Structures are given as structure tokens and as C-alpha cells.
Amino acid sequence: MLQEDVKRELRSIVGNEDYKDDMQSLVTHSYDGTPMLQSLPDGVIYPADTREVSEVMKVLNRYRIPLISRGSGTNLCGGTVPVQGGVVMVMHRMNRILEVDLENLTATVQPGLNTKQFITHVEGLGLFYPPDPGSMAVSTIGGNIAECSGGLRGLKYGTTKDYVIGLEAVLASGEIIRTGGKLMKDVAGYDLTKLLVGSEGTLAVITEATLKLIPPPRYKKTMLAMYKDIYGAARTVSKIIENRIIPATLEFLDNPTIRVVDDFAKLGLPRDMEAILLIEQDGDMESVERDIASIEMICHSENAAQVSVAESAEEALKLMTARRSAFTALARLRPTTILEDATVPRSKIADMVLEINRIAQKFQVQICTFGHAGDGNLHPTATTDARDQEEIHRVEAAFEEIFEAAIKLGGTITGEHGVGLVKAPFLEWKVGSAGIEMMKAIKQGFDPLNLLNPGKMFAKESRKRVVIDRG
Amino acid sequence: MADVSLQTRLNPLAEKLKLRLDEDQLMNCMRCGFCLPACPTFRETGIEAESPRGRIALMKAVADGIMSPDEVFEEQMNHCLGCRACEPACPADVKYGQLIEQARDAIEDHTEQHRWWVKLARGAAFELMFPNQNRMRWLGKGIRFYQKSGLRTLARGIGVMKLLPKPMRDMEKIMPDASSHGVVEQIGTRHPAKGEKIATVGLFRGCIMDVLFTETNIHTVELLMEAGFEVVIPDTQNCCGALHAHSGEAEGARALARRNIQVFKDAGVDYIISNAGGCGAILTEYDHLLHEDPEWKEGAAWFAERVLDCSDLLVRYGRLPGFSEDESKKPVKDSEPVRITYQDSCHLRNVMRSSDAPRRLMRQVAGVEYVEMMEADRCCGSAGIYNLVQPEMAGQILDHKMEHVKTTEAHYLLTSNPGCLLQMKNGIEQHGLSDRMKAVHIVDFLHERMCSGCGSK
């Protein structure tokens, strides 16, 4: 609990109602979307505007109290669990769309704005904001920026970082900085905008964002291909790209996922299929039709056992059902669902999936893999029970080996979920010790007292790498 | 304060919660937060504790001994509308409705916190009135006497209503004329199908339905007969127990369930039909309610799988009569079509998972334009007796609902549950829309438009 005079100062900034430290508020801000992590903060604060954020930060800085900023708390890396206590700052009150600039095709928004609401709003104006993380109905733009969220459309349209062109943020000192602007070109100094995107609340508190909007595609077509040979599916992915076609969506389900989805949604999927690809292309009608026809040919040439092209929106929706049900089907299997995001170059998808299946078998755990094949971003998902310590240890060991395998294939430990607490011990595997030192220096520059989201990104100790020895 | 395994002394309520709360369900919540946008109280407040994820975290914290349940905790559990919109939104299929009922059940054994009139009303309702249809009937007679004898005029005239709390005052205003004779007294128990019989169905008449909306029950019977069903209304059936279960009176709910199961089993029906989403939902959950009772487990399962809402039965198995707007009775100018819209009953939608059938029926009425209301799937704030015990939140939710209602410019606002119907009447009255809009039960609306000659009266 904070000292009385700190509380008094905080309350004088945001008002009595918007600083809370009753047990109910502490418990409900002790977790996020990550399984098996919980830690109570000392207080919860809801600022109304940038000035309040800045004033609050100045007080916390003076008393050396940590601050954890968050939106809806849906991240999967323990990024907003207050492991060292301190004050959780919830951005929900700062949830306005400040401006949609139709001349520059930009939107200026506050961080607490709900992602889905924002997407719907700009669609109503005939514009398009592509980043679509799985949690977008719940998440906030500020949270998406802090974690640099991806989504299904990442392959063709990029991720959050490609759409953030300006930021306002409050530094650990309480000072306010502005970066970028409504500018497509801006090389004035280091690119602080990009640095803050994906910084997981460890460098500054984002208080406003200027986002790039694009014209929406006019036409869309969906198709599904099934494979008895996982390499056939993988080669299809590579060949599509080689043919200079970038689909809007290129999703993948492996055999264990197909079985689970079929049990759940009773879709009558062939259970002997090793992989399903769900492909969607958007754009002008003519080019979409041409692309889909080419992709269909590629699928057949790679021995797809079954290829279906949706002829209507309802049919498209039906084809999407398998992919859309994947998470739900897996979440219902066992009490604890651990969703990871190991990512490899897309040419290595098949190797990675087979590695994951081998590792799952080795540790006797259930891991189903689905994900964004087009950008190599896979979601190996373990279904387990947090109460079974012994099984959890095996799951953790399996994931360690999966991270190692991803890196060996030229990939990364996390494609879109972030480092937070969960991946911190493995960060060095990806970026090396010099990389870690560099990142720590940046953190030191921004936040010398280590007040912003402490305990995240950098582990006290890096995990020793397991050497995979199998010839 | 990083360590959460701090010891909290367990108070008696904590012990009880630990026993009652289903640990597996608490574990199944993976805190993904997908329930947040579906939750009306979270939407009104933006506060995590006011969300299903937050409430489950609080229950779990109590069960884990991280916090002891205090007044704030009790208040939070009671702040939930119980609309269960979080359940269809949940990827992990957490049975939130069961958890909140378990929490309230434990709390109810302990609480001293009720407002005086809530306490009085609870005692009277749960122990004296609802379990006994005859007493409900007497209540009906009492209300009818009040409404018809001039007492109401007198009471309103001398301003005695001002002594009542505002939510009750509002309700008094829109209360429909109560009936002193229920559906069985008016039309008897057994009603043959028109034409070849498709199935024999038992009508669940509902205790409040049968006092305040007896006509709707009669219309339901006639609509079902017309569609080819033989209808039986077992007279010894009683209250469904929904209000008991939602308010933490699980034992009372179980006693009512046992009696209903016996009565409908004896009646030998193929389906049990409800025209009130709130009742229908708990009827489909009798199997869960009695899952720990070996003697009744099987009967409860038999019962639960036979329950259907009347709209669903009509659409799925019925021979639908034609429905058409009577041009001569049109409430509006010739050029303008009669416009209708629909407010989902939360429990019909989220528990019975029926939202399509009523819409299909409404779209079949000739000469009527159906408009989908924005956020028709969201709770109206009625939520059983919530609007009486949590008037502030219920009022906020109703205000937002009425904005969407207004936008539809509908002449009729249809619903499938008496609580929602009263709340919508209340909203129409409060927002000054009485001159252009009427809230009506979907059955009554359809019944009035059955094409000429096909109604029995």
C-alpha cells in the first residue's frame, strides 16, 4: 500500500473516484491474458488526459514508485502484470477519436480507444485500418501499440508499427514528448515513433497516436485447400509468394488442430489431413479473380487433396469456420491454454511444424499448431492444467525447445505477443548479449530509475540454452 | 506486494464460498477478456471489477484465500445483471451463470445488507408468494382490486406513491391490469391440435406471466393449437425458481424444480413450452440445478432436454398459420408501413441460444416491416428484479437502450419475456414515447395477426 501522502497527491490530480486501492481493484488488476501469472499492485489509477498522466508520473517519479500502463489487459506475455507492485494506470477513460483527417488519411486517437470500435468507425468513412489482432474486440489501440500487435492481415498489410506515424507520450520524468506527425516522410533524428511501438510500456506512457489509414479493398475472395502431406502445404505457401502473389490472409491448421476443431465444430473435416490452408485475397475484382485462379492451380500442382473456392459471402464464412474455431476449440479442451507465437521465415513453416510435433511427443504434452503461414507466425498452443505442476514443467520444457528450434531455423521467440515476463529469459537467445546490453542502454536513457513497467523485457538471468543434439 | 500468497484469515463467508464455488469453472477462465465488451456493467463503467473476468478473478481470489469477501465483494456480485451475455462470448465455455449463482447463494446466507424494502420484498416473494400459485393468484386479485376499485386513482391522487422508492413507483405506473383468473381457470387444461397432431406439448405458464399476462398465455395456447400441437397445461405446476436461483436461494429453486419435473412427467408431454425467456432458461438448466441429487438427476435431464421456447417450437416443428397486418386496424397513415422491432430476452438468447426463431416469425408477418434494433442483443436492465434492487445501474442501461429504440422508429417493440416487456413499457413511458410506440409480447402480436378464420375466437 502506498503512503498516505502519495495517495493524497494522486487523488488531488485525478479526483477521489479515479484512484482506487481497495482489495477489489487490486485483485482485478493483478493479471492479464497470460496464464498462471498474478501479482497485486499497490493502487489503480484512471487518468482523464495527458496532463493528468504527466502529473501522476511526476509524483510517482518523486517517490520512486513503479507505473504499469495498460488498456484491456489481454496480452499474452505477462506484459501488464505488476510484478514489482506499484500503480497500474488504466487508459480506458482516454478513449476518444480526436480526429479523422480525410485529406491526409490519418486518424488521431487516444490510447484507451477500443480497436474494433476504431476499425468500425473508419470503415464507416470508407477507410481501412488493417491491424486486426485476435483480441481486437477487447483490446485498445494503446495496448496494440505497446505490444506492436499483428493479426491475420499482417502478411499483406503489415502490423501495428506500419500504421503508427506519430505519438505523444509521457516520459518517466513526467515530461511530454511528441514524435513523428501526419507525415509519410520524416527523418528528423532517430525514429522514436518506431522505437516506442512495441516497447511494452517500458520506455514511456503513450497518450495519443496518429495512425495511417488506407483505402479499403473493393473485392474479396476466400478459398480452402487440404493436404495429406504437410510439405505440399508448405510448398504451396512458398510458391504463391514466388509467383508474386501476396494474399490478404494465408492461414494454416495442423493435423492435431484439425482433429480438435472437428470434434468441437463437427465440420466433417477429413481427419487424415496433415494441413489445411485458408487463403483470402482482396483488391480489385479482376486481379482477385486472377490471383485466386493462380493459387488454385498451385494448390493442385502441390497435390492438395481438396480445394474449395467460396462462391458467396456465406460460403466464405463457412470456409473460415475451421480457422475461426481453432482457438475456441483448443480453449475448451483443458483448463489452461498456453498460446505461443514462435515465428520462422515462411519457407521453414513445414520444418517448424514437424519440430513442434516431435517436441510435443518427446515431452508427452498436447500441442496443436495453427497460425499465420504467410508470415511464418505460428501459434503452437499447449492445452494443460495449471494445477498439475509436473505436467506444467513438461510444457515449459517443450516450449523452451520450441523457441530454440525456431531460432535455429532463422526465426524468433515471439512474432506478435511480445516479451513481457514470459519471454524475458529467452530474449538473449534471439538478440545476443550485445543486443541485450544495447536495449538496456536505451531503457536506461528513457527511464533511469526503472519505474516504467519494471521486471519486463529483461530477465534477472537469461535461460541457459539447451543444446538440441539429434544429429 | 509482489507476493500474492499472503495469508488472509478466512471468515465464515469465505469458507462457504470456497465450498460452493465450482473450482473447475474458476480454473477454466483463462482471462482472455473476450467477455468484457459483452458485459453491460463493464460497458457502463469501464471498470475491470465490473466485468465477468473481474468477478471471476474476485471469486477465485476469495477461494484462494488472497482476499476475504467484504461488503464491496458482496455488492459487486449483486451488481451483475445475470444476463449471461458473457457466456456465448467465452472461448473456454466458462459457466459464468453457475458461478455467479453459487457466489450469491453463499452470500445470501450471510448478508445483512439489504435495503429495508428489498428485504421485505425478498421474504414475501421467495418464501410466501412464488412457490404457491394460489397465493400468486391472490396477489393478482389484490393488484386487480387496487387497479379497478378506484384505489389506484385515489393513491395516485393523494400522492401516497411518493412514499415508495422511485423504481417501484415507475413500475406501479406501467403495471398491466392483473387478472384474477389464470389461464387454466379461463380455458381449461387440455386443448386439441387443429388438424393432424404433431406433438403434445405442456405449457409452462409461469407465475408472473399467469397473473399479469394471462392473455398472453391464452394466446400462446391458441397459437400452438393452430400450428398443430395438442396443448396440456398441468394445473399443479409452480414457479420455475429462476428468481430464487439468481438471487442466491438455490435450495428454494431446487424444491420448485422437483415439483415441476414430477408434474410434467405425469402429464406425458413431448415438449415443455415456455413463452418467457427467463423461465425457459432455468427450466433448461434443471439438470444442472439438481446434478448433485441422485434421486432427481435423471428426471431433471428428461425435463431439461424437452424445454423449448414457443417461437422455437413453432419454427422448428409447427405448421405455421399465415400472419398478416389487418389494414383497417393500422395505427398509422396508409402510406407508412407498420414497423416492428425486437428486444432479445437475454436468457432466451444467451442460455436457450434462441435468437433466430423469433426474428423469422416476425419477418413472416405480411404488411409489416421488421427493423433490427442496434444492440438488440444487449440487456435492457430489467434482469429479473435487478431494476428494483440496483436502480442506478438499471436506469443507466435503460437510457442507452431507449436511444436505440428511438432510432428504429418502430410502432411496436416486441419482446419474449415478461420482465423485458415491463422494462420496455417502463422505458417507453419514461422517455415520452407512449403516443407512438407500444411494447408487446411477440405471441400477442402474432396472435392478433393470425389470418382471418384461423384464430379460435
# chains A, B, ... in the order shown; residues from 1 in each chain; ligands from 1
>>> residues_around(residues="Glu285 in chain B", least_positions_apart="5", cutoff="10 Å", atoms="only C-alpha atoms", output="PyMOL selection string")
chain B and resi 98+242+257+280+290-291+300-301+303-305+307+351-352
>>> interface_residues(of="chain B", to="chain A", cutoff="8 Å", atoms="only C-alpha atoms", output="PyMOL selection string")
chain B and resi 1-4+24+27-34+36-37+46+48-49+54+57-58+61+67+72-73+91-93
>>> select_by_dssp(residues="range 53-111 of chain A", states="strand (DSSP E or B)", output="compact mmCIF listing (two decimals) with N, CA and C atoms, in the first residue's frame")
# COMPACT_ATOMS: atom_id res chain seq x y z
N LEU A 67 5.19 2.35 -12.34
CA LEU A 67 3.93 2.58 -13.03
C LEU A 67 3.79 1.56 -14.17
N ILE A 68 2.66 0.91 -14.20
CA ILE A 68 2.38 -0.06 -15.26
C ILE A 68 1.17 0.46 -16.02
N SER A 69 1.35 0.91 -17.27
CA SER A 69 0.21 1.41 -18.03
C SER A 69 -0.43 0.25 -18.79
N ARG A 70 -1.76 0.26 -18.88
CA ARG A 70 -2.42 -0.83 -19.62
C ARG A 70 -3.75 -0.41 -20.20
N VAL A 87 1.79 1.29 -9.24
CA VAL A 87 0.47 1.77 -9.63
C VAL A 87 0.15 1.32 -11.07
N VAL A 88 -0.99 0.67 -11.24
CA VAL A 88 -1.46 0.31 -12.58
C VAL A 88 -2.27 1.48 -13.12
N MET A 89 -1.88 1.95 -14.30
CA MET A 89 -2.60 3.06 -14.92
C MET A 89 -3.47 2.51 -16.06
N VAL A 90 -4.79 2.59 -15.89
CA VAL A 90 -5.72 2.07 -16.89
C VAL A 90 -6.14 3.23 -17.80
N ILE A 97 -11.73 9.29 -30.29
CA ILE A 97 -11.13 9.51 -31.60
C ILE A 97 -11.06 11.03 -31.72
N LEU A 98 -9.86 11.60 -31.74
CA LEU A 98 -9.74 13.06 -31.73
C LEU A 98 -10.01 13.66 -33.10
N GLU A 99 -9.61 12.89 -34.13
CA GLU A 99 -9.78 13.44 -35.48
C GLU A 99 -9.58 12.35 -36.52
N VAL A 100 -10.38 12.38 -37.58
CA VAL A 100 -10.03 11.59 -38.76
C VAL A 100 -9.81 12.63 -39.86
N ASP A 101 -8.58 12.68 -40.37
CA ASP A 101 -8.20 13.69 -41.35
C ASP A 101 -8.33 13.08 -42.74
N THR A 106 -5.34 10.22 -42.16
CA THR A 106 -4.81 9.82 -40.86
C THR A 106 -5.92 9.93 -39.82
N ALA A 107 -5.71 9.24 -38.71
CA ALA A 107 -6.62 9.38 -37.57
C ALA A 107 -5.77 9.67 -36.35
N THR A 108 -6.25 10.57 -35.50
CA THR A 108 -5.55 10.84 -34.25
C THR A 108 -6.46 10.37 -33.12
N VAL A 109 -5.93 9.47 -32.29
CA VAL A 109 -6.78 8.83 -31.28
C VAL A 109 -6.08 8.81 -29.92
>>> residues_around(residues="Ala125 in chain B", least_positions_apart="3", cutoff="12 Å", atoms="only C-alpha atoms", output="PyMOL selection string")
chain B and resi 117-122+128-133+135-136+139+207-208+239+241+243-244+247+249+252+385
>>> write_last_selection(atoms="C-alpha atoms", output="PDB file, in the first residue's frame")
ATOM      1  CA  TRP B 117     -37.873  -2.745   1.231  1.00  0.00           C
ATOM      2  CA  VAL B 118     -35.687  -5.213  -0.604  1.00  0.00           C
ATOM      3  CA  LYS B 119     -35.542  -7.403   2.488  1.00  0.00           C
ATOM      4  CA  LEU B 120     -39.278  -7.233   2.947  1.00  0.00           C
ATOM      5  CA  ALA B 121     -39.959  -7.950  -0.696  1.00  0.00           C
ATOM      6  CA  ARG B 122     -37.493 -10.862  -0.794  1.00  0.00           C
ATOM      7  CA  LEU B 128     -44.599 -16.878   0.624  1.00  0.00           C
ATOM      8  CA  MET B 129     -45.636 -15.958  -2.890  1.00  0.00           C
ATOM      9  CA  PHE B 130     -43.714 -17.509  -5.782  1.00  0.00           C
ATOM     10  CA  PRO B 131     -43.749 -21.090  -4.526  1.00  0.00           C
ATOM     11  CA  ASN B 132     -47.522 -21.081  -4.350  1.00  0.00           C
ATOM     12  CA  GLN B 133     -49.597 -20.369  -7.436  1.00  0.00           C
ATOM     13  CA  ARG B 135     -51.097 -17.129  -3.390  1.00  0.00           C
ATOM     14  CA  MET B 136     -49.850 -15.640  -6.650  1.00  0.00           C
ATOM     15  CA  LEU B 139     -51.741 -11.340  -5.315  1.00  0.00           C
ATOM     16  CA  CYS B 207     -46.255 -17.451 -12.100  1.00  0.00           C
ATOM     17  CA  ILE B 208     -45.918 -13.787 -13.033  1.00  0.00           C
ATOM     18  CA  CYS B 239     -42.958 -21.115 -10.267  1.00  0.00           C
ATOM     19  CA  GLY B 241     -37.420 -20.907  -9.495  1.00  0.00           C
ATOM     20  CA  LEU B 243     -35.684 -15.566  -9.420  1.00  0.00           C
ATOM     21  CA  HIS B 244     -34.737 -17.780  -6.470  1.00  0.00           C
ATOM     22  CA  SER B 247     -30.906 -14.273  -6.039  1.00  0.00           C
ATOM     23  CA  GLU B 249     -31.903 -19.026  -2.948  1.00  0.00           C
ATOM     24  CA  GLY B 252     -35.805 -22.868  -2.851  1.00  0.00           C
ATOM     25  CA  ILE B 385     -35.678  -7.945 -10.039  1.00  0.00           C
TER      26      ILE B 385
END
>>> closest_residue(among="A:Asn303, A:Asn104, A:Gln117, A:Ser287", to="Thr210 in chain A", atoms="only C-alpha atoms")
A:Asn104
>>> closest_residue(among="A:Ser301, A:Asn144, A:Gln361, A:Thr179", to="Leu113 in chain A", atoms="only C-alpha atoms")
A:Asn144
>>> residues_around(residues="range 177-181 of chain B", least_positions_apart="2", cutoff="6 Å", atoms="only C-alpha atoms", output="CSV table (one decimal) with N, CA, C and O atoms, in the first residue's frame")
chain,number,residue,atom,x,y,z
B,140,GLY,N,-52.6,-11.5,-7.6
B,140,GLY,CA,-53.3,-10.9,-8.8
B,140,GLY,C,-54.6,-10.3,-8.4
B,140,GLY,O,-54.9,-9.2,-8.9
B,141,LYS,N,-55.4,-10.9,-7.5
B,141,LYS,CA,-56.7,-10.4,-7.2
B,141,LYS,C,-56.5,-9.0,-6.4
B,141,LYS,O,-57.2,-8.1,-6.7
B,144,ARG,N,-55.5,-6.4,-8.9
B,144,ARG,CA,-56.6,-6.1,-9.7
B,144,ARG,C,-57.6,-5.2,-8.9
B,144,ARG,O,-58.1,-4.2,-9.5
B,185,GLU,N,-58.0,-21.6,-15.3
B,185,GLU,CA,-59.3,-21.2,-14.9
B,185,GLU,C,-60.2,-20.7,-16.0
B,185,GLU,O,-61.4,-20.9,-16.1
B,211,VAL,N,-50.3,-14.1,-13.9
B,211,VAL,CA,-51.1,-13.1,-13.2
B,211,VAL,C,-51.2,-11.8,-14.0
B,211,VAL,O,-52.2,-11.3,-14.1
B,212,LEU,N,-50.0,-11.4,-14.5
B,212,LEU,CA,-50.0,-10.1,-15.2
B,212,LEU,C,-50.3,-10.3,-16.7
B,212,LEU,O,-50.6,-9.3,-17.4
>>> residues_around(residues="Arg104 in chain B", least_positions_apart="6", cutoff="10 Å", atoms="only C-alpha atoms", output="PDB file with all heavy atoms, in the first residue's frame")
ATOM      1  N   LEU B  17     -17.953 -19.766   0.463  1.00  0.00           N
ATOM      2  CA  LEU B  17     -17.684 -19.548  -0.966  1.00  0.00           C
ATOM      3  C   LEU B  17     -16.731 -20.611  -1.489  1.00  0.00           C
ATOM      4  O   LEU B  17     -16.901 -21.151  -2.574  1.00  0.00           O
ATOM      5  CB  LEU B  17     -17.089 -18.156  -1.180  1.00  0.00           C
ATOM      6  CG  LEU B  17     -18.109 -17.011  -1.156  1.00  0.00           C
ATOM      7  CD1 LEU B  17     -17.425 -15.695  -0.864  1.00  0.00           C
ATOM      8  CD2 LEU B  17     -18.864 -16.936  -2.478  1.00  0.00           C
ATOM      9  N   ARG B  20     -18.787 -23.661  -2.066  1.00  0.00           N
ATOM     10  CA  ARG B  20     -19.844 -23.613  -3.084  1.00  0.00           C
ATOM     11  C   ARG B  20     -19.315 -23.395  -4.499  1.00  0.00           C
ATOM     12  O   ARG B  20     -19.866 -23.907  -5.454  1.00  0.00           O
ATOM     13  CB  ARG B  20     -20.810 -22.466  -2.790  1.00  0.00           C
ATOM     14  CG  ARG B  20     -21.565 -22.601  -1.513  1.00  0.00           C
ATOM     15  CD  ARG B  20     -22.979 -23.111  -1.709  1.00  0.00           C
ATOM     16  NE  ARG B  20     -23.508 -23.481  -0.408  1.00  0.00           N
ATOM     17  CZ  ARG B  20     -24.302 -22.700   0.309  1.00  0.00           C
ATOM     18  NH1 ARG B  20     -24.703 -21.561  -0.181  1.00  0.00           N
ATOM     19  NH2 ARG B  20     -24.713 -23.091   1.491  1.00  0.00           N
ATOM     20  N   GLU B  74     -19.494  -8.361  -1.916  1.00  0.00           N
ATOM     21  CA  GLU B  74     -20.920  -8.735  -1.993  1.00  0.00           C
ATOM     22  C   GLU B  74     -21.661  -7.833  -2.969  1.00  0.00           C
ATOM     23  O   GLU B  74     -22.420  -8.287  -3.820  1.00  0.00           O
ATOM     24  CB  GLU B  74     -21.579  -8.631  -0.612  1.00  0.00           C
ATOM     25  CG  GLU B  74     -21.063  -9.664   0.355  1.00  0.00           C
ATOM     26  CD  GLU B  74     -21.784  -9.614   1.697  1.00  0.00           C
ATOM     27  OE1 GLU B  74     -22.933  -9.115   1.734  1.00  0.00           O
ATOM     28  OE2 GLU B  74     -21.198 -10.054   2.692  1.00  0.00           O
ATOM     29  N   MET B  77     -20.874  -8.758  -6.561  1.00  0.00           N
ATOM     30  CA  MET B  77     -21.578  -9.958  -7.037  1.00  0.00           C
ATOM     31  C   MET B  77     -23.039  -9.618  -7.363  1.00  0.00           C
ATOM     32  O   MET B  77     -23.621 -10.144  -8.296  1.00  0.00           O
ATOM     33  CB  MET B  77     -21.517 -11.068  -5.983  1.00  0.00           C
ATOM     34  CG  MET B  77     -20.122 -11.614  -5.742  1.00  0.00           C
ATOM     35  SD  MET B  77     -19.311 -12.204  -7.257  1.00  0.00           S
ATOM     36  CE  MET B  77     -17.797 -11.267  -7.228  1.00  0.00           C
ATOM     37  N   ASN B  78     -23.613  -8.731  -6.567  1.00  0.00           N
ATOM     38  CA  ASN B  78     -25.008  -8.370  -6.819  1.00  0.00           C
ATOM     39  C   ASN B  78     -25.169  -7.342  -7.934  1.00  0.00           C
ATOM     40  O   ASN B  78     -26.268  -7.121  -8.417  1.00  0.00           O
ATOM     41  CB  ASN B  78     -25.644  -7.828  -5.528  1.00  0.00           C
ATOM     42  CG  ASN B  78     -25.853  -8.944  -4.530  1.00  0.00           C
ATOM     43  OD1 ASN B  78     -26.135 -10.081  -4.914  1.00  0.00           O
ATOM     44  ND2 ASN B  78     -25.684  -8.656  -3.252  1.00  0.00           N
ATOM     45  N   GLN B  98     -23.521 -20.143 -13.584  1.00  0.00           N
ATOM     46  CA  GLN B  98     -23.479 -21.022 -12.415  1.00  0.00           C
ATOM     47  C   GLN B  98     -22.604 -20.427 -11.317  1.00  0.00           C
ATOM     48  O   GLN B  98     -22.952 -20.470 -10.138  1.00  0.00           O
ATOM     49  CB  GLN B  98     -22.941 -22.397 -12.816  1.00  0.00           C
ATOM     50  CG  GLN B  98     -23.870 -23.128 -13.773  1.00  0.00           C
ATOM     51  CD  GLN B  98     -23.253 -24.403 -14.328  1.00  0.00           C
ATOM     52  OE1 GLN B  98     -22.230 -24.873 -13.836  1.00  0.00           O
ATOM     53  NE2 GLN B  98     -23.882 -24.962 -15.345  1.00  0.00           N
ATOM     54  N   HIS B 110     -25.477 -15.011   4.492  1.00  0.00           N
ATOM     55  CA  HIS B 110     -24.758 -14.181   5.455  1.00  0.00           C
ATOM     56  C   HIS B 110     -25.203 -12.735   5.513  1.00  0.00           C
ATOM     57  O   HIS B 110     -25.040 -12.077   6.519  1.00  0.00           O
ATOM     58  CB  HIS B 110     -23.265 -14.178   5.109  1.00  0.00           C
ATOM     59  CG  HIS B 110     -22.616 -15.442   5.496  1.00  0.00           C
ATOM     60  ND1 HIS B 110     -21.930 -15.597   6.668  1.00  0.00           N
ATOM     61  CD2 HIS B 110     -22.608 -16.640   4.889  1.00  0.00           C
ATOM     62  CE1 HIS B 110     -21.504 -16.846   6.755  1.00  0.00           C
ATOM     63  NE2 HIS B 110     -21.905 -17.488   5.683  1.00  0.00           N
ATOM     64  N   THR B 111     -25.741 -12.273   4.414  1.00  0.00           N
ATOM     65  CA  THR B 111     -25.821 -10.833   4.283  1.00  0.00           C
ATOM     66  C   THR B 111     -26.815 -10.173   5.240  1.00  0.00           C
ATOM     67  O   THR B 111     -27.825 -10.745   5.617  1.00  0.00           O
ATOM     68  CB  THR B 111     -26.173 -10.428   2.840  1.00  0.00           C
ATOM     69  OG1 THR B 111     -26.016  -9.031   2.727  1.00  0.00           O
ATOM     70  CG2 THR B 111     -27.599 -10.813   2.498  1.00  0.00           C
ATOM     71  N   ALA B 245     -33.043 -18.773  -7.892  1.00  0.00           N
ATOM     72  CA  ALA B 245     -31.672 -19.174  -8.234  1.00  0.00           C
ATOM     73  C   ALA B 245     -30.790 -17.951  -8.460  1.00  0.00           C
ATOM     74  O   ALA B 245     -29.670 -17.890  -7.961  1.00  0.00           O
ATOM     75  CB  ALA B 245     -31.677 -20.056  -9.473  1.00  0.00           C
ATOM     76  N   HIS B 246     -31.304 -16.950  -9.185  1.00  0.00           N
ATOM     77  CA  HIS B 246     -30.480 -15.775  -9.478  1.00  0.00           C
ATOM     78  C   HIS B 246     -30.207 -14.961  -8.224  1.00  0.00           C
ATOM     79  O   HIS B 246     -29.298 -14.159  -8.184  1.00  0.00           O
ATOM     80  CB  HIS B 246     -31.157 -14.848 -10.500  1.00  0.00           C
ATOM     81  CG  HIS B 246     -31.585 -15.547 -11.749  1.00  0.00           C
ATOM     82  ND1 HIS B 246     -30.909 -16.653 -12.225  1.00  0.00           N
ATOM     83  CD2 HIS B 246     -32.607 -15.318 -12.610  1.00  0.00           C
ATOM     84  CE1 HIS B 246     -31.523 -17.071 -13.328  1.00  0.00           C
ATOM     85  NE2 HIS B 246     -32.541 -16.287 -13.586  1.00  0.00           N
ATOM     86  N   SER B 247     -31.044 -15.111  -7.221  1.00  0.00           N
ATOM     87  CA  SER B 247     -30.906 -14.273  -6.039  1.00  0.00           C
ATOM     88  C   SER B 247     -30.270 -15.011  -4.875  1.00  0.00           C
ATOM     89  O   SER B 247     -30.321 -14.550  -3.742  1.00  0.00           O
ATOM     90  CB  SER B 247     -32.276 -13.740  -5.617  1.00  0.00           C
ATOM     91  OG  SER B 247     -32.908 -13.133  -6.705  1.00  0.00           O
ATOM     92  N   GLY B 248     -29.696 -16.162  -5.148  1.00  0.00           N
ATOM     93  CA  GLY B 248     -28.983 -16.865  -4.090  1.00  0.00           C
ATOM     94  C   GLY B 248     -29.866 -17.709  -3.205  1.00  0.00           C
ATOM     95  O   GLY B 248     -29.547 -17.955  -2.056  1.00  0.00           O
ATOM     96  N   GLU B 249     -31.021 -18.152  -3.724  1.00  0.00           N
ATOM     97  CA  GLU B 249     -31.903 -19.026  -2.948  1.00  0.00           C
ATOM     98  C   GLU B 249     -31.958 -20.383  -3.652  1.00  0.00           C
ATOM     99  O   GLU B 249     -33.021 -20.849  -4.067  1.00  0.00           O
ATOM    100  CB  GLU B 249     -33.313 -18.422  -2.859  1.00  0.00           C
ATOM    101  CG  GLU B 249     -33.378 -16.982  -2.397  1.00  0.00           C
ATOM    102  CD  GLU B 249     -33.405 -16.848  -0.877  1.00  0.00           C
ATOM    103  OE1 GLU B 249     -33.556 -17.868  -0.181  1.00  0.00           O
ATOM    104  OE2 GLU B 249     -33.236 -15.714  -0.385  1.00  0.00           O
ATOM    105  N   ALA B 250     -30.792 -21.019  -3.794  1.00  0.00           N
ATOM    106  CA  ALA B 250     -30.709 -22.238  -4.595  1.00  0.00           C
ATOM    107  C   ALA B 250     -31.615 -23.342  -4.053  1.00  0.00           C
ATOM    108  O   ALA B 250     -32.255 -24.059  -4.819  1.00  0.00           O
ATOM    109  CB  ALA B 250     -29.264 -22.715  -4.660  1.00  0.00           C
TER     110      ALA B 250
END
>>> residues_around(residues="Cys368 in chain A", least_positions_apart="4", cutoff="12 Å", atoms="only C-alpha atoms", output="PyMOL selection string")
chain A and resi 252-261+274-275+326-327+329-331+333+337-340+353-354+356-361+378-384
>>> closest_residue(among="B:Glu127, B:Ser355, B:Ile187, B:Leu203", to="Ala255 in chain B", atoms="only C-alpha atoms")
B:Glu127
>>> closest_residue(among="B:Ile100, B:Leu421, B:Cys39, B:Ile198", to="Leu314 in chain B", atoms="only C-alpha atoms")
B:Ile198
>>> residues_around(residues="range 214-216 of chain A", least_positions_apart="5", cutoff="7 Å", atoms="only C-alpha atoms", output="ChimeraX atom specification")
/A:105,126-129
>>> select_by_dssp(residues="range 178-417 of chain A", states="helix (DSSP H, G or I)", output="JSON, numbers by chain")
{"A": [192, 193, 194, 195, 196, 230, 231, 232, 233, 234, 235, 236, 237, 238, 239, 240, 241, 242, 255, 256, 257, 258, 259, 260, 261, 262, 263, 264, 265, 285, 286, 287, 288, 289, 290, 291, 292, 293, 294, 295, 296, 297, 298, 299, 300, 301, 313, 314, 315, 316, 317, 318, 319, 320, 321, 322, 323, 324, 325, 326, 327, 328, 329, 330, 331, 346, 347, 348, 349, 350, 351, 352, 353, 354, 355, 356, 357, 358, 359, 360, 361, 362, 373, 374, 375, 389, 390, 391, 392, 393, 394, 395, 396, 397, 398, 399, 400, 401, 402, 403, 404, 405, 406, 407, 408]}
>>> closest_residue(among="B:Asn350, B:Ser324, B:Asn260, B:Thr41", to="Trp302 in chain B", atoms="only C-alpha atoms")
B:Asn260
>>> atom_distance(atom1="CA of Arg169 in chain B", atom2="CA of Ala155 in chain B")
11.5 Å
>>> closest_residue(among="A:Glu168, A:Ala265, A:Ser308, A:Lys228", to="Arg51 in chain A", atoms="only C-alpha atoms")
A:Glu168
>>> atom_distance(atom1="CA of Leu427 in chain A", atom2="CA of Leu409 in chain A")
16.1 Å
>>> atom_distance(atom1="CA of Leu224 in chain B", atom2="CA of Asp444 in chain B")
12.4 Å
